[in-house]
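Novice: Got a structure for you, questions after.
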Amino acid sequence: MGYKGVDTTELIMDNLQLSNDDLLGGEPGKGFYQMMDGVEVGRVNVAARACGLAIRAFELGIEYAQMRETFGKPISEHQAVSFRLADMGTKVEAAHQMMVMAAKLKDSGARNDLESGMAKYLASEYCKEVVEDSFRIHGGYGYSKEYEIERLYREAPMLLIGEGTADIQRMIIGRRLLEDYKIKK
Ligand SMILES: Cc1cc2nc3c(=O)[nH]c(=O)nc-3n(C[C@H](O)[C@H](O)[C@H](O)COP(=O)(O)OP(=O)(O)OC[C@H]3O[C@@H](n4cnc5c(N)ncnc54)[C@H](O)[C@@H]3O)c2cc1C
């Protein structure tokens with residue numbers, strides 16, 4: 001559907017023999033932690049990509065809404081469209097702030113699985129919604145390859161899946177919140 005900048009291919013390992021020198025990360029027994037550290041960066045990365053996509057979709061939508069006229073005025077002056085733009089702008093801002101907060105925490109070296117999971121979950125869900133709203137604002141043109149929104153519409157779903165699906169983020173967030181807010185019995 002999208003994500004054309006990176007090739008996706010099959011990798012087959014059949015009777016592959018490796019020596020101790022081939023150990024990734026260098027330290028035996030730490031593989032899971034090294035992998036999880038990478039996943040946290042990846043989640044902030046996906047959140048940032050979702051913010052980029054959403055901002056672009058918002059820019060395209062708000063521009064088109066001021067150009068296209070129906071019933072004697074730009075569609076941006078129809079309340080249904082301006083409310084849609086208000087929702088889109090609010091989601092773009094909220095996702096961006098959450099992503100920056102998670103990225104700063106990651107840079108600080110502190111534990112950030114909760115925050116990066118929340119940022120990835122929120123930014124990718126909002127991205128899908130903002131892209132869908134921009135697509136609707138474009139009317140029939142949104143479905144045409146001549147308009148950029150068609151590509152964004154195909155790119156957005158990938159962010160709901162990569163670096164852990166939305167369901168997996170909700171699982172992580174739920175578990176971590178129950179750790180933080182555990183009641184004393
Ligand atoms: C082109 C492409 C590139 C990709 N690149 C990357 C990448 O670079 N990095 C990366 O991390 N991922 C990447 N992914 C995503 C990754 O490959 C997997 O698709 C993703 O981790 C989901 O796993 P799955 O496809 O096996 O789905 P499944 O695990 O089979 O999930 C199917 C459905 O079941 C749900 N589900 C599964 N288990 C549970 C559970 N325990 N509780 C609740 N719901 C559950 C899922 O949320 C989903 O809705 C890429 C995917 C594609 C298509």
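Order determines the names: the first chain of the structure tokens is A, the second B, and so forth; residues in each chain are numbered 1 upward, and ligands are numbered 1 upward as they are shown.
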Around ligand 1, out to 9 Å and counting only C-alpha atoms and all ligand atoms, which residues are there? I want them as a PyMOL selection string.
Specialist: chain A and resi 1-4+6-9+39+42-43+158-171
Novice: Take the residues from that selection and write them out as a compact mmCIF listing (two decimals), in the first residue's frame, keeping N, CA and C atoms.
Specialist:
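Result written to part-v3.txt:
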```txt
# COMPACT_ATOMS: atom_id res chain seq x y z
N MET A 1 0.82 -1.22 0.00
CA MET A 1 0.00 0.00 0.00
C MET A 1 0.85 1.27 0.00
N GLY A 2 1.95 1.21 0.74
CA GLY A 2 2.76 2.42 0.87
C GLY A 2 4.15 2.05 1.37
N TYR A 3 4.78 2.96 2.12
CA TYR A 3 6.09 2.69 2.73
C TYR A 3 7.08 2.24 1.65
N LYS A 4 7.08 2.97 0.54
CA LYS A 4 7.85 2.52 -0.63
C LYS A 4 9.34 2.87 -0.54
N VAL A 6 11.45 2.08 1.73
CA VAL A 6 12.25 0.97 2.27
C VAL A 6 11.75 -0.31 1.64
N ASP A 7 12.68 -1.12 1.14
CA ASP A 7 12.30 -2.38 0.52
C ASP A 7 11.90 -3.39 1.59
N THR A 8 10.89 -4.21 1.33
CA THR A 8 10.50 -5.28 2.25
C THR A 8 10.73 -6.60 1.52
N THR A 9 11.62 -7.42 2.07
CA THR A 9 11.95 -8.69 1.39
C THR A 9 11.93 -9.85 2.38
N VAL A 39 13.29 -0.93 20.72
CA VAL A 39 11.84 -0.80 20.48
C VAL A 39 11.33 0.54 21.02
N GLY A 42 12.20 3.08 18.63
CA GLY A 42 11.33 2.85 17.47
C GLY A 42 9.94 3.41 17.70
N ARG A 43 9.44 3.30 18.92
CA ARG A 43 8.07 3.80 19.18
C ARG A 43 8.03 5.32 19.11
N MET A 158 0.13 1.96 8.18
CA MET A 158 1.38 1.30 8.55
C MET A 158 1.79 1.67 9.98
N LEU A 159 1.53 2.93 10.35
CA LEU A 159 1.97 3.42 11.66
C LEU A 159 1.14 2.83 12.80
N LEU A 160 -0.04 2.29 12.45
CA LEU A 160 -0.87 1.62 13.47
C LEU A 160 -0.31 0.24 13.79
N ILE A 161 0.56 -0.27 12.91
CA ILE A 161 1.04 -1.65 13.03
C ILE A 161 2.51 -1.74 13.44
N GLY A 162 3.38 -0.95 12.78
CA GLY A 162 4.83 -1.03 13.01
C GLY A 162 5.22 -0.69 14.44
N GLU A 163 6.29 -1.32 14.93
CA GLU A 163 6.82 -1.16 16.29
C GLU A 163 5.78 -1.51 17.35
N GLY A 164 4.96 -2.50 17.06
CA GLY A 164 3.92 -2.94 18.00
C GLY A 164 2.58 -2.34 17.62
N THR A 165 1.58 -3.20 17.40
CA THR A 165 0.26 -2.70 16.99
C THR A 165 -0.36 -1.85 18.11
N ALA A 166 -1.42 -1.15 17.75
CA ALA A 166 -2.12 -0.32 18.74
C ALA A 166 -2.59 -1.18 19.93
N ASP A 167 -3.02 -2.41 19.63
CA ASP A 167 -3.49 -3.30 20.71
C ASP A 167 -2.35 -3.63 21.67
N ILE A 168 -1.16 -3.86 21.10
CA ILE A 168 0.00 -4.18 21.95
C ILE A 168 0.38 -2.97 22.80
N GLN A 169 0.29 -1.75 22.21
CA GLN A 169 0.58 -0.54 23.01
C GLN A 169 -0.39 -0.44 24.18
N ARG A 170 -1.67 -0.72 23.90
CA ARG A 170 -2.69 -0.63 24.97
C ARG A 170 -2.41 -1.64 26.07
N MET A 171 -1.90 -2.80 25.66
CA MET A 171 -1.55 -3.83 26.63
C MET A 171 -0.41 -3.33 27.53
```
Novice: Would you give me, as a PyMOL selection string, the residues in segment 52-177 of chain A that DSSP reads as strand (DSSP E)?
Specialist: chain A and resi 69-70+73-74
Novice: Please measure the separation of atom CA of Gly174 of chain A and atom CA of Ala119 of chain A, giving the value in Å to one decimal.
Specialist: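 One can read the atom CA of Gly174 of chain A to atom CA of Ala119 of chain A distance as 13.9 Å.
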Novice: Atom CA of His96 of chain A and atom CA of Glu132 of chain A, how far apart in Å?
Specialist: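 Value for the atom CA of Glu132 of chain A-atom CA of His96 of chain A distance: 18.1 Å.
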Novice: Excluding Arg176 of chain A and its own-chain neighbours fewer than 5 positions away, which residues fall within 10 Å of it when counting only C-alpha atoms? Please give them as JSON, numbers by chain.
Specialist: {"A": [113, 114, 115, 170, 171, 181, 182]}
Novice: Go through A:Pro157, A:Gly25, A:Gly109, A:Gly142 one by one, measure the shortest atom-to-atom distance of each to Ala123 of chain A using only C-alpha atoms, and give the residue with the smallest value.
Specialist: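 Once distances to Ala123 of chain A are computed over only C-alpha atoms, the minimum belongs to A:Pro157.
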Novice: Find the residue from A:Ala95, A:Ala102, A:Ile137, A:Ile75 that sits nearest to Val44 of chain A; use only C-alpha atoms when measuring.
Specialist: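 Among the listed residues, the smallest separation from Val44 of chain A belongs to A:Ala102.
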Novice: Separation of atom CA of Tyr64 of chain A and atom CA of Val100 of chain A, in Å?
Specialist: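 It comes out at 28.4 Å.
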Novice: Enumerate as a PyMOL selection string all residues of segment 20-177 of chain A assigned to alpha helix (DSSP H) by DSSP on the backbone, naming them with the chain letters and numbers the document uses.
Specialist: chain A and resi 31-67+79-108+113-137+149-161+166-177
Novice: I want to know what sits within 12 Å of Ala80 of chain A, based on only C-alpha atoms, with residues of the same chain fewer than 4 positions away left out; could you give that as a list of chain:residue names?
Specialist: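 My list of contacting residues is A:Ala65, A:Ile75, A:Ser76, A:Arg84, A:Leu85, A:Ala86, A:Asp87, A:Asp133, A:Arg136, A:Ile137.
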Novice: May I have the residues within 12 Å of Asp107 of chain A as a PyMOL selection string, using only C-alpha atoms and disregarding those fewer than 4 positions away in the same chain?
Specialist: chain A and resi 37+40-41+44+100-103+111-112+116
Novice: Any chance you can output those residues with C-alpha atoms as a PDB file, in the first residue's frame?
Specialist:
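Output below, filename result.pdb:
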```pdb
ATOM      1  CA  ASP A  37      15.783  -0.405  24.202  1.00  0.00           C
ATOM      2  CA  GLU A  40      11.454   2.259  22.737  1.00  0.00           C
ATOM      3  CA  VAL A  41      13.406   4.404  20.247  1.00  0.00           C
ATOM      4  CA  VAL A  44       9.100   7.435  19.534  1.00  0.00           C
ATOM      5  CA  VAL A 100       8.259  15.500  22.124  1.00  0.00           C
ATOM      6  CA  MET A 101       7.698  14.629  25.801  1.00  0.00           C
ATOM      7  CA  ALA A 102       8.476  10.944  25.123  1.00  0.00           C
ATOM      8  CA  ALA A 103      11.527  11.827  22.994  1.00  0.00           C
ATOM      9  CA  ARG A 111      12.610   4.528  31.740  1.00  0.00           C
ATOM     10  CA  ASN A 112      10.119   5.580  29.069  1.00  0.00           C
ATOM     11  CA  SER A 116       6.769   6.072  24.314  1.00  0.00           C
TER      12      SER A 116
END
```
Novice: Counting only C-alpha atoms, which residue out of A:Gly29, A:Ala54, A:Glu148, A:Ala48 sits closest to Val131 of chain A?
Specialist: A:Ala54
Novice: Applying 9 Å and only C-alpha atoms, which residues near Cys51 of chain A remain after dropping the ones on its own chain fewer than 2 positions away? List them as an mmCIF file with C-alpha atoms, in the first residue's frame.
Specialist:
```cif
data_model
loop_
_atom_site.group_PDB
_atom_site.id
_atom_site.type_symbol
_atom_site.label_atom_id
_atom_site.label_comp_id
_atom_site.auth_asym_id
_atom_site.auth_seq_id
_atom_site.Cartn_x
_atom_site.Cartn_y
_atom_site.Cartn_z
ATOM 1 C CA VAL A 46 6.889 5.981 14.718
ATOM 2 C CA ALA A 47 5.133 8.656 16.821
ATOM 3 C CA ALA A 48 7.275 11.327 15.122
ATOM 4 C CA ARG A 49 6.465 9.913 11.684
ATOM 5 C CA LEU A 53 2.061 12.691 8.257
ATOM 6 C CA ALA A 54 -0.752 14.264 10.285
ATOM 7 C CA ILE A 55 0.683 17.784 10.002
ATOM 8 C CA ARG A 56 0.992 17.422 6.220
ATOM 9 C CA VAL A 92 -1.962 17.413 15.514
ATOM 10 C CA GLU A 93 -0.912 19.601 18.482
ATOM 11 C CA ALA A 95 0.179 14.217 19.330
ATOM 12 C CA HIS A 96 3.181 16.480 18.732
ATOM 13 C CA MET A 99 5.806 12.756 21.068
ATOM 14 C CA ALA A 123 0.013 9.804 17.460
ATOM 15 C CA SER A 124 -0.707 6.883 15.117
ATOM 16 C CA TYR A 126 -4.738 10.582 15.564
ATOM 17 C CA CYS A 127 -2.708 10.423 12.346
#
```
